[in-house]
file query_11.json (JSON, C-alpha atoms)
[["chain", "number", "residue", "atom", "x", "y", "z"],
["A", 1361, "MET", "CA", -24.53, -26.03, -17.65],
["A", 1362, "PRO", "CA", -22.74, -24.97, -20.90],
["A", 1363, "PHE", "CA", -23.50, -21.34, -19.98],
["A", 1364, "ILE", "CA", -21.74, -21.78, -16.65],
["A", 1365, "GLY", "CA", -18.58, -22.99, -18.40],
["A", 1366, "LEU", "CA", -18.74, -20.16, -20.90],
["A", 1367, "GLY", "CA", -19.20, -17.62, -18.11],
["A", 1368, "LEU", "CA", -16.20, -18.98, -16.24],
["A", 1369, "HIS", "CA", -13.98, -18.64, -19.33],
["A", 1370, "VAL", "CA", -15.10, -15.04, -19.75],
["A", 1371, "LEU", "CA", -14.49, -14.23, -16.09],
["A", 1372, "ILE", "CA", -10.98, -15.68, -16.26],
["A", 1373, "ALA", "CA", -10.29, -13.72, -19.45],
["A", 1374, "LEU", "CA", -11.60, -10.57, -17.76],
["A", 1375, "TYR", "CA", -9.29, -11.13, -14.77],
["A", 1376, "PHE", "CA", -6.27, -11.47, -17.06],
["A", 1377, "ALA", "CA", -7.39, -8.44, -19.08],
["A", 1378, "ILE", "CA", -7.38, -6.34, -15.90],
["A", 1379, "HIS", "CA", -3.94, -7.75, -15.08],
["A", 1380, "ALA", "CA", -2.69, -6.78, -18.56],
["A", 1381, "ILE", "CA", -4.01, -3.22, -18.24],
["A", 1382, "ARG", "CA", -2.66, -2.68, -14.73],
["A", 1383, "ASN", "CA", 0.77, -3.94, -15.71],
["A", 1384, "ARG", "CA", 0.79, -1.98, -18.98],
["A", 1385, "HIS", "CA", 1.21, -5.00, -21.21],
["A", 1386, "ASP", "CA", 0.62, -4.66, -24.95],
["A", 1387, "MET", "CA", -3.05, -4.19, -25.70],
["A", 1388, "TYR", "CA", -3.14, -6.97, -28.30],
["A", 1389, "TRP", "CA", -3.49, -9.31, -25.30],
["A", 1390, "LEU", "CA", -7.01, -7.98, -24.83],
["A", 1391, "MET", "CA", -7.90, -9.12, -28.33],
["A", 1392, "VAL", "CA", -6.35, -12.54, -27.67],
["A", 1393, "LEU", "CA", -8.19, -12.92, -24.35],
["A", 1394, "PHE", "CA", -11.65, -11.98, -25.60],
["A", 1395, "ALA", "CA", -11.44, -13.49, -29.09],
["A", 1396, "PHE", "CA", -10.43, -16.88, -27.64],
["A", 1397, "PRO", "CA", -11.33, -16.79, -23.91],
["A", 1398, "GLY", "CA", -10.22, -20.33, -23.08],
["A", 1399, "LEU", "CA", -7.07, -20.66, -25.16],
["A", 1400, "GLY", "CA", -6.20, -16.98, -24.81],
["A", 1401, "SER", "CA", -6.37, -17.18, -21.02],
["A", 1402, "LEU", "CA", -4.16, -20.27, -21.02],
["A", 1403, "VAL", "CA", -1.55, -18.62, -23.25],
["A", 1404, "TYR", "CA", -1.61, -15.40, -21.18],
["A", 1405, "PHE", "CA", -1.26, -17.41, -17.98],
["A", 1406, "VAL", "CA", 1.80, -19.28, -19.25],
["A", 1407, "ALA", "CA", 3.42, -16.49, -21.27],
["A", 1408, "VAL", "CA", 2.77, -13.43, -19.08],
["A", 1409, "PHE", "CA", 1.08, -14.05, -15.73],
["A", 1410, "LEU", "CA", 3.41, -16.78, -14.44],
["A", 1411, "PRO", "CA", 6.64, -15.07, -15.48],
["A", 1412, "SER", "CA", 5.60, -11.99, -13.48],
["A", 1413, "SER", "CA", 5.08, -14.08, -10.35],
["A", 1414, "ARG", "CA", 7.54, -15.82, -8.08],
["A", 1415, "LEU", "CA", 6.08, -19.21, -8.92],
["A", 1416, "GLU", "CA", 7.05, -19.22, -12.60],
["A", 1417, "ARG", "CA", 8.98, -22.47, -12.90],
["A", 1418, "SER", "CA", 7.13, -24.62, -10.39],
["A", 1419, "ALA", "CA", 3.69, -23.43, -11.48],
["A", 1420, "ARG", "CA", 4.59, -23.86, -15.14],
["A", 1421, "GLN", "CA", 5.66, -27.44, -14.49],
["A", 1422, "ALA", "CA", 2.47, -28.18, -12.59],
["A", 1423, "VAL", "CA", 0.24, -26.70, -15.29],
["A", 1424, "ASN", "CA", 2.11, -28.41, -18.11],
["A", 1425, "ALA", "CA", 2.13, -31.77, -16.35],
["A", 1426, "ALA", "CA", -1.60, -31.63, -15.65],
["A", 1427, "ALA", "CA", -2.48, -30.55, -19.19],
["A", 1428, "HIS", "CA", -0.18, -33.12, -20.74],
["A", 1429, "SER", "CA", -1.57, -35.98, -18.70],
["A", 1430, "LEU", "CA", -5.14, -35.11, -19.68],
["A", 1431, "ASP", "CA", -4.54, -34.55, -23.39],
["A", 1432, "PRO", "CA", -0.96, -34.08, -24.63],
["A", 1433, "ARG", "CA", -1.98, -32.57, -27.98],
["A", 1434, "ARG", "CA", -5.06, -30.58, -27.03],
["A", 1435, "ALA", "CA", -3.40, -27.15, -26.73],
["A", 1436, "LEU", "CA", -1.64, -27.63, -30.06],
["A", 1437, "ARG", "CA", -4.84, -28.74, -31.81],
["A", 1438, "GLU", "CA", -6.76, -25.76, -30.46],
["A", 1439, "ALA", "CA", -4.01, -23.35, -31.48],
["A", 1440, "GLN", "CA", -3.83, -24.83, -34.97],
["A", 1441, "SER", "CA", -7.61, -24.65, -35.32],
["A", 1442, "ALA", "CA", -7.75, -21.05, -34.11],
["A", 1443, "HIS", "CA", -5.00, -19.97, -36.50],
["A", 1444, "ALA", "CA", -6.60, -21.78, -39.42],
["A", 1445, "TYR", "CA", -9.93, -20.07, -38.70],
["A", 1446, "ALA", "CA", -8.43, -16.62, -38.13],
["A", 1447, "PRO", "CA", -4.80, -16.37, -39.33],
["A", 1448, "THR", "CA", -3.88, -13.25, -37.38],
["A", 1449, "ALA", "CA", -0.67, -12.29, -35.61],
["A", 1450, "GLN", "CA", -2.32, -13.07, -32.29],
["A", 1451, "THR", "CA", -3.33, -16.61, -33.21],
["A", 1452, "GLN", "CA", 0.09, -17.17, -34.75],
["A", 1453, "MET", "CA", 1.69, -16.25, -31.41],
["A", 1454, "CYS", "CA", -0.52, -18.79, -29.67],
["A", 1455, "LEU", "CA", 0.37, -21.41, -32.26],
["A", 1456, "ALA", "CA", 4.10, -20.75, -31.91],
["A", 1457, "ALA", "CA", 3.88, -21.16, -28.12],
["A", 1458, "ALA", "CA", 1.90, -24.39, -28.47],
["A", 1459, "LEU", "CA", 4.38, -25.79, -31.00],
["A", 1460, "LEU", "CA", 7.27, -24.99, -28.68],
["A", 1461, "GLU", "CA", 5.58, -26.78, -25.78],
["A", 1462, "ALA", "CA", 4.86, -29.74, -28.07],
["A", 1463, "GLY", "CA", 8.52, -30.07, -29.08],
["A", 1464, "ALA", "CA", 8.14, -28.86, -32.68],
["A", 1465, "PHE", "CA", 11.02, -26.44, -32.24],
["A", 1466, "ASP", "CA", 11.83, -25.54, -35.85],
["A", 1467, "GLU", "CA", 8.17, -24.97, -36.71],
["A", 1468, "ALA", "CA", 7.75, -22.88, -33.58],
["A", 1469, "ALA", "CA", 10.78, -20.80, -34.53],
["A", 1470, "THR", "CA", 9.33, -20.19, -38.00],
["A", 1471, "HIS", "CA", 6.08, -18.88, -36.53],
["A", 1472, "TYR", "CA", 7.85, -16.70, -33.98],
["A", 1473, "GLU", "CA", 10.00, -15.19, -36.73],
["A", 1474, "ALA", "CA", 6.88, -14.45, -38.76],
["A", 1475, "CYS", "CA", 5.32, -12.67, -35.76],
["A", 1476, "LEU", "CA", 8.40, -10.49, -35.38],
["A", 1477, "LYS", "CA", 8.21, -9.20, -38.94],
["A", 1478, "GLY", "CA", 5.06, -7.21, -38.23],
["A", 1479, "PRO", "CA", 3.99, -4.59, -35.69],
["A", 1480, "PHE", "CA", 5.08, -6.83, -32.81],
["A", 1481, "ALA", "CA", 8.76, -6.84, -33.76],
["A", 1482, "GLY", "CA", 9.59, -5.18, -30.46],
["A", 1483, "ASP", "CA", 7.50, -7.46, -28.26],
["A", 1484, "LEU", "CA", 9.91, -8.98, -25.74],
["A", 1485, "GLU", "CA", 7.71, -11.94, -24.83],
["A", 1486, "ILE", "CA", 7.69, -12.99, -28.48],
["A", 1487, "ARG", "CA", 11.44, -12.43, -28.66],
["A", 1488, "LEU", "CA", 11.93, -14.68, -25.65],
["A", 1489, "GLY", "CA", 9.74, -17.35, -27.20],
["A", 1490, "ALA", "CA", 11.78, -17.14, -30.40],
["A", 1491, "ALA", "CA", 15.00, -17.44, -28.37],
["A", 1492, "ARG", "CA", 13.66, -20.51, -26.58],
["A", 1493, "ALA", "CA", 12.68, -22.10, -29.87],
["A", 1494, "GLY", "CA", 16.10, -21.31, -31.32],
["A", 1495, "PHE", "CA", 17.85, -22.80, -28.30],
["A", 1496, "ALA", "CA", 15.72, -25.94, -28.33],
["A", 1497, "GLY", "CA", 16.36, -26.40, -32.06],
["A", 1498, "GLU", "CA", 20.10, -25.74, -31.58],
["A", 1499, "HIS", "CA", 20.01, -22.60, -33.69],
["A", 1500, "TRP", "CA", 22.44, -20.85, -31.39],
["A", 1501, "ALA", "CA", 23.03, -17.68, -33.41],
["A", 1502, "MET", "CA", 19.29, -17.09, -33.74],
["A", 1503, "ALA", "CA", 18.72, -17.53, -30.01],
["A", 1504, "LEU", "CA", 21.58, -15.20, -29.09],
["A", 1505, "GLU", "CA", 20.35, -12.54, -31.50],
["A", 1506, "HIS", "CA", 16.93, -12.47, -29.85],
["A", 1507, "LEU", "CA", 18.39, -12.50, -26.34],
["A", 1508, "ALA", "CA", 20.72, -9.62, -27.24],
["A", 1509, "PHE", "CA", 17.73, -7.63, -28.51],
["A", 1510, "ILE", "CA", 15.92, -8.22, -25.21],
["A", 1511, "ARG", "CA", 18.88, -7.07, -23.13],
["A", 1512, "GLN", "CA", 19.47, -4.00, -25.25],
["A", 1513, "THR", "CA", 15.79, -3.05, -25.12],
["A", 1514, "ASN", "CA", 15.12, -3.75, -21.44],
["A", 1515, "PRO", "CA", 17.90, -5.26, -19.28],
["A", 1516, "ASP", "CA", 15.40, -5.91, -16.46],
["A", 1517, "PHE", "CA", 12.97, -7.95, -18.56],
["A", 1518, "ARG", "CA", 12.81, -11.51, -17.16],
["A", 1519, "ALA", "CA", 16.44, -11.02, -16.11],
["A", 1520, "GLU", "CA", 17.06, -14.44, -14.55],
["A", 1521, "THR", "CA", 15.36, -16.33, -17.37],
["A", 1522, "VAL", "CA", 17.25, -14.39, -20.03],
["A", 1523, "SER", "CA", 20.59, -14.76, -18.24],
["A", 1524, "LEU", "CA", 20.21, -18.51, -17.79],
["A", 1525, "LEU", "CA", 19.09, -19.04, -21.38],
["A", 1526, "TRP", "CA", 21.98, -16.86, -22.58],
["A", 1527, "ALA", "CA", 24.48, -18.97, -20.63],
["A", 1528, "ARG", "CA", 23.04, -22.26, -21.88],
["A", 1529, "THR", "CA", 22.99, -20.98, -25.47],
["A", 1530, "LEU", "CA", 26.63, -19.88, -25.26],
["A", 1531, "ALA", "CA", 27.47, -23.35, -23.95],
["A", 1532, "GLY", "CA", 25.58, -24.97, -26.80],
["A", 1533, "ALA", "CA", 27.47, -22.81, -29.27],
["A", 1534, "GLY", "CA", 30.77, -24.02, -27.82],
["A", 1535, "ARG", "CA", 31.66, -20.62, -26.32],
["A", 1536, "ARG", "CA", 32.78, -22.15, -23.05],
["A", 1537, "ALA", "CA", 34.58, -19.22, -21.42],
["A", 1538, "GLU", "CA", 31.70, -16.82, -22.11],
["A", 1539, "ALA", "CA", 29.20, -19.38, -20.86],
["A", 1540, "ARG", "CA", 31.06, -19.71, -17.57],
["A", 1541, "VAL", "CA", 31.12, -15.95, -17.06],
["A", 1542, "GLU", "CA", 27.38, -15.76, -17.69],
["A", 1543, "PHE", "CA", 26.63, -18.65, -15.34],
["A", 1544, "GLU", "CA", 28.76, -17.05, -12.62],
["A", 1545, "ASP", "CA", 26.96, -13.75, -13.09],
["A", 1546, "ALA", "CA", 23.54, -15.45, -12.93],
["A", 1547, "LEU", "CA", 24.56, -17.28, -9.76],
["A", 1548, "ALA", "CA", 25.79, -14.07, -8.11],
["A", 1549, "ARG", "CA", 22.71, -12.09, -9.10],
["A", 1550, "PHE", "CA", 19.95, -14.63, -8.54],
["A", 1551, "GLY", "CA", 21.35, -17.61, -6.63],
["A", 1552, "SER", "CA", 18.33, -19.79, -7.39],
["A", 1553, "PHE", "CA", 18.23, -23.57, -7.31],
["A", 1554, "GLU", "CA", 17.66, -23.70, -11.06],
["A", 1555, "VAL", "CA", 20.75, -21.58, -11.76],
["A", 1556, "ARG", "CA", 22.87, -23.80, -9.52],
["A", 1557, "VAL", "CA", 21.67, -26.98, -11.22],
["A", 1558, "GLU", "CA", 22.15, -25.64, -14.74],
["A", 1559, "PHE", "CA", 25.62, -24.35, -13.80],
["A", 1560, "ALA", "CA", 26.45, -27.74, -12.27],
["A", 1561, "ILE", "CA", 25.30, -29.56, -15.41],
["A", 1562, "TRP", "CA", 27.50, -27.28, -17.50],
["A", 1563, "ALA", "CA", 30.44, -27.88, -15.14],
["A", 1564, "ILE", "CA", 30.02, -31.66, -15.35],
["A", 1565, "ILE", "CA", 29.85, -31.63, -19.15],
["A", 1566, "SER", "CA", 32.84, -29.25, -19.33],
["A", 1567, "GLY", "CA", 34.97, -31.37, -17.00],
["A", 1568, "GLU", "CA", 35.00, -28.74, -14.25],
["A", 1569, "ILE", "CA", 34.92, -31.38, -11.51],
["A", 1570, "ASP", "CA", 35.83, -29.13, -8.57],
["A", 1571, "LEU", "CA", 33.23, -26.56, -9.53],
["A", 1572, "ALA", "CA", 30.60, -29.25, -10.04],
["A", 1573, "GLY", "CA", 31.39, -30.70, -6.60],
["A", 1574, "LYS", "CA", 31.06, -27.30, -4.92],
["A", 1575, "LEU", "CA", 27.72, -26.66, -6.59],
["A", 1576, "GLN", "CA", 26.54, -30.18, -5.74],
["A", 1577, "VAL", "CA", 27.10, -29.50, -2.02],
["A", 1578, "GLU", "CA", 24.96, -26.36, -2.27],
["A", 1579, "ILE", "CA", 22.30, -28.24, -4.25],
["A", 1580, "GLN", "CA", 22.12, -31.06, -1.70],
["A", 1581, "SER", "CA", 21.85, -28.53, 1.12],
["A", 1582, "ALA", "CA", 18.87, -26.89, -0.57],
["A", 1583, "MET", "CA", 17.19, -30.24, -1.30],
["A", 1584, "GLN", "CA", 17.34, -31.28, 2.36],
["A", 1585, "ARG", "CA", 14.86, -28.54, 3.22],
["A", 1586, "TRP", "CA", 12.33, -29.52, 0.57],
["A", 1587, "ASN", "CA", 8.88, -30.92, 1.20],
["A", 1588, "ARG", "CA", 7.35, -33.60, -1.00],
["A", 1589, "HIS", "CA", 5.63, -31.07, -3.26],
["A", 1590, "THR", "CA", 8.85, -29.18, -3.95],
["A", 1591, "GLN", "CA", 10.64, -32.45, -4.66],
["A", 1592, "GLU", "CA", 8.05, -33.39, -7.24],
["A", 1593, "LEU", "CA", 8.13, -30.01, -8.97],
["A", 1594, "ASN", "CA", 11.92, -30.07, -9.26],
["A", 1595, "ARG", "CA", 12.18, -33.71, -10.23],
["A", 1596, "PRO", "CA", 12.82, -33.11, -13.99],
["A", 1597, "LEU", "CA", 15.64, -30.67, -13.20],
["A", 1598, "VAL", "CA", 17.25, -33.03, -10.69],
["A", 1599, "ARG", "CA", 16.87, -35.91, -13.13],
["A", 1600, "ARG", "CA", 18.86, -33.96, -15.73],
["A", 1601, "LEU", "CA", 21.59, -33.37, -13.17],
["A", 1602, "HIS", "CA", 21.81, -37.08, -12.35],
["A", 1603, "ALA", "CA", 21.86, -37.93, -16.06],
["A", 1604, "ALA", "CA", 24.81, -35.57, -16.56],
["A", 1605, "TYR", "CA", 26.70, -37.32, -13.76],
["A", 1606, "GLU", "CA", 25.92, -40.74, -15.26],
["A", 1607, "VAL", "CA", 27.19, -39.67, -18.69],
["A", 1608, "ALA", "CA", 30.36, -38.27, -17.14],
["A", 1609, "SER", "CA", 30.93, -41.47, -15.13],
["A", 1610, "SER", "CA", 30.46, -43.72, -18.15],
["A", 1611, "THR", "CA", 32.92, -41.59, -20.13],
["A", 1612, "VAL", "CA", 35.56, -41.92, -17.41],
["A", 1613, "ARG", "CA", 35.13, -45.69, -17.27]]
call {"tool": "encode", "arguments": {"input": "query_11.json", "output": "structure tokens"}}
result
Amino acid sequence: MPFIGLGLHVLIALYFAIHAIRNRHDMYWLMVLFAFPGLGSLVYFVAVFLPSSRLERSARQAVNAAAHSLDPRRALREAQSAHAYAPTAQTQMCLAAALLEAGAFDEAATHYEACLKGPFAGDLEIRLGAARAGFAGEHWAMALEHLAFIRQTNPDFRAETVSLLWARTLAGAGRRAEARVEFEDALARFGSFEVRVEFAIWAIISGEIDLAGKLQVEIQSAMQRWNRHTQELNRPLVRRLHAAYEVASSTVR
């Protein structure tokens, strides 16, 4: 039986390796996949495979929720163990991603920055991870620097994700007018449910009541067509929207 499990890990790693080659991703992913078939496949799935599909956000939520319910700290422990055993740039990338998912934002940012000082300084996935860690840790200038690098290097790379993170980072930095422009551009270009909700949350916090109301109508219209599965996948995002309304209501009272 152990050989069956091992074989499955290798087959999954092989599948992702073929995906990496066909899509011309950096070849260090092959080393990650075959040096650590289980953990490497998980990291590749979350960091590369999902973002290239149309199911990025919903699938990421489903995977994270399942993994967290089974063992909230397992991915982090495995990443820490792998990096301690073989402290390479590849294992450090895995560790940084695991720390970010675990909520250790400053530590994740430190590891991402270390990765970017070597031969992977131009890797846009690592840059995006560093930007996410900077945003989560409220290091706005750091996040914007990495996002600017991504846009200058490849404007089409994860365009919606980068645009939305850029807008939210500008908002966090107190650059309200620029944030609004970026949100409006993201809405015009992508028009996704996530963009509408994030824009609505910003509008509520910024006191843009008319704008928030307009976006809320569009959000409710989209939610009426959901099935139960879609409702569950989007629940955290909708919960944040409701929380923003509650905070705004309590402030008015």
call {"tool": "residues_around", "arguments": {"input": "query_11.json", "residues": "segment 1605-1609 of chain A", "least_positions_apart": "4", "cutoff": "9 Å", "atoms": "all atoms listed in the file", "output": "ChimeraX atom specification"}}
result
/A:1561,1564-1565,1567,1600-1601,1613
call {"tool": "closest_residue", "arguments": {"input": "query_11.json", "among": "A:Ala1458, A:Gln1440, A:Leu1525, A:Ala1449", "to": "Val1403 of chain A", "atoms": "only C-alpha atoms"}}
result
A:Ala1458
call {"tool": "atom_distance", "arguments": {"input": "query_11.json", "atom1": "atom CA of Ile1381 of chain A", "atom2": "atom CA of Cys1454 of chain A"}}
result
19.6 Å
call {"tool": "residues_around", "arguments": {"input": "query_11.json", "residues": "Ala1457 of chain A", "least_positions_apart": "3", "cutoff": "10 Å", "atoms": "all atoms listed in the file", "output": "number ranges by chain"}}
result
A: 1403, 1406-1407, 1435-1436, 1439, 1451-1454, 1460-1462, 1464-1465, 1468-1469, 1471-1472, 1486, 1489-1490, 1492-1493
call {"tool": "write_last_selection", "arguments": {"input": "query_11.json", "atoms": "C-alpha atoms", "output": "PDB file, in the coordinates of the input"}}
result
ATOM      1  CA  VAL A1403      -1.550 -18.620 -23.250  1.00  0.00           C
ATOM      2  CA  VAL A1406       1.800 -19.280 -19.250  1.00  0.00           C
ATOM      3  CA  ALA A1407       3.420 -16.490 -21.270  1.00  0.00           C
ATOM      4  CA  ALA A1435      -3.400 -27.150 -26.730  1.00  0.00           C
ATOM      5  CA  LEU A1436      -1.640 -27.630 -30.060  1.00  0.00           C
ATOM      6  CA  ALA A1439      -4.010 -23.350 -31.480  1.00  0.00           C
ATOM      7  CA  THR A1451      -3.330 -16.610 -33.210  1.00  0.00           C
ATOM      8  CA  GLN A1452       0.090 -17.170 -34.750  1.00  0.00           C
ATOM      9  CA  MET A1453       1.690 -16.250 -31.410  1.00  0.00           C
ATOM     10  CA  CYS A1454      -0.520 -18.790 -29.670  1.00  0.00           C
ATOM     11  CA  LEU A1460       7.270 -24.990 -28.680  1.00  0.00           C
ATOM     12  CA  GLU A1461       5.580 -26.780 -25.780  1.00  0.00           C
ATOM     13  CA  ALA A1462       4.860 -29.740 -28.070  1.00  0.00           C
ATOM     14  CA  ALA A1464       8.140 -28.860 -32.680  1.00  0.00           C
ATOM     15  CA  PHE A1465      11.020 -26.440 -32.240  1.00  0.00           C
ATOM     16  CA  ALA A1468       7.750 -22.880 -33.580  1.00  0.00           C
ATOM     17  CA  ALA A1469      10.780 -20.800 -34.530  1.00  0.00           C
ATOM     18  CA  HIS A1471       6.080 -18.880 -36.530  1.00  0.00           C
ATOM     19  CA  TYR A1472       7.850 -16.700 -33.980  1.00  0.00           C
ATOM     20  CA  ILE A1486       7.690 -12.990 -28.480  1.00  0.00           C
ATOM     21  CA  GLY A1489       9.740 -17.350 -27.200  1.00  0.00           C
ATOM     22  CA  ALA A1490      11.780 -17.140 -30.400  1.00  0.00           C
ATOM     23  CA  ARG A1492      13.660 -20.510 -26.580  1.00  0.00           C
ATOM     24  CA  ALA A1493      12.680 -22.100 -29.870  1.00  0.00           C
TER      25      ALA A1493
END
call {"tool": "residues_around", "arguments": {"input": "query_11.json", "residues": "Gly1494 of chain A", "least_positions_apart": "3", "cutoff": "12 Å", "atoms": "all atoms listed in the file", "output": "MDAnalysis selection string"}}
result
chainID A and resid 1460 1463:1473 1487:1491 1497:1507 1525:1526 1528:1529 1532:1533
call {"tool": "residues_near_point", "arguments": {"input": "query_11.json", "point": "(26.9, -27.9, -11.1)", "cutoff": "9 Å", "atoms": "all atoms listed in the file", "output": "PDB file with C-alpha atoms, in the coordinates of the input"}}
result
ATOM      1  CA  VAL A1555      20.750 -21.580 -11.760  1.00  0.00           C
ATOM      2  CA  ARG A1556      22.870 -23.800  -9.520  1.00  0.00           C
ATOM      3  CA  VAL A1557      21.670 -26.980 -11.220  1.00  0.00           C
ATOM      4  CA  GLU A1558      22.150 -25.640 -14.740  1.00  0.00           C
ATOM      5  CA  PHE A1559      25.620 -24.350 -13.800  1.00  0.00           C
ATOM      6  CA  ALA A1560      26.450 -27.740 -12.270  1.00  0.00           C
ATOM      7  CA  ILE A1561      25.300 -29.560 -15.410  1.00  0.00           C
ATOM      8  CA  TRP A1562      27.500 -27.280 -17.500  1.00  0.00           C
ATOM      9  CA  ALA A1563      30.440 -27.880 -15.140  1.00  0.00           C
ATOM     10  CA  ILE A1564      30.020 -31.660 -15.350  1.00  0.00           C
ATOM     11  CA  GLU A1568      35.000 -28.740 -14.250  1.00  0.00           C
ATOM     12  CA  ILE A1569      34.920 -31.380 -11.510  1.00  0.00           C
ATOM     13  CA  LEU A1571      33.230 -26.560  -9.530  1.00  0.00           C
ATOM     14  CA  ALA A1572      30.600 -29.250 -10.040  1.00  0.00           C
ATOM     15  CA  GLY A1573      31.390 -30.700  -6.600  1.00  0.00           C
ATOM     16  CA  LYS A1574      31.060 -27.300  -4.920  1.00  0.00           C
ATOM     17  CA  LEU A1575      27.720 -26.660  -6.590  1.00  0.00           C
ATOM     18  CA  GLN A1576      26.540 -30.180  -5.740  1.00  0.00           C
ATOM     19  CA  ILE A1579      22.300 -28.240  -4.250  1.00  0.00           C
ATOM     20  CA  LEU A1601      21.590 -33.370 -13.170  1.00  0.00           C
TER      21      LEU A1601
END
call {"tool": "atom_distance", "arguments": {"input": "query_11.json", "atom1": "atom CA of Asp1483 of chain A", "atom2": "atom CA of Leu1459 of chain A"}}
result
18.8 Å
call {"tool": "axis_aligned_box", "arguments": {"input": "query_11.json", "around": "segment 1437-1444 of chain A", "padding_each_side": "4 Å", "output": "JSON"}}
result
{"center_x": -5.8, "center_y": -24.4, "center_z": -34.9, "size_x": 11.9, "size_y": 16.8, "size_z": 17.0}
call {"tool": "atom_distance", "arguments": {"input": "query_11.json", "atom1": "atom CA of Ala1539 of chain A", "atom2": "atom CA of Ala1527 of chain A"}}
result
4.7 Å
call {"tool": "closest_residue", "arguments": {"input": "query_11.json", "among": "A:Thr1448, A:Asn1514, A:Ser1401, A:Ser1566", "to": "Ala1604 of chain A", "atoms": "all atoms listed in the file"}}
result
A:Ser1566
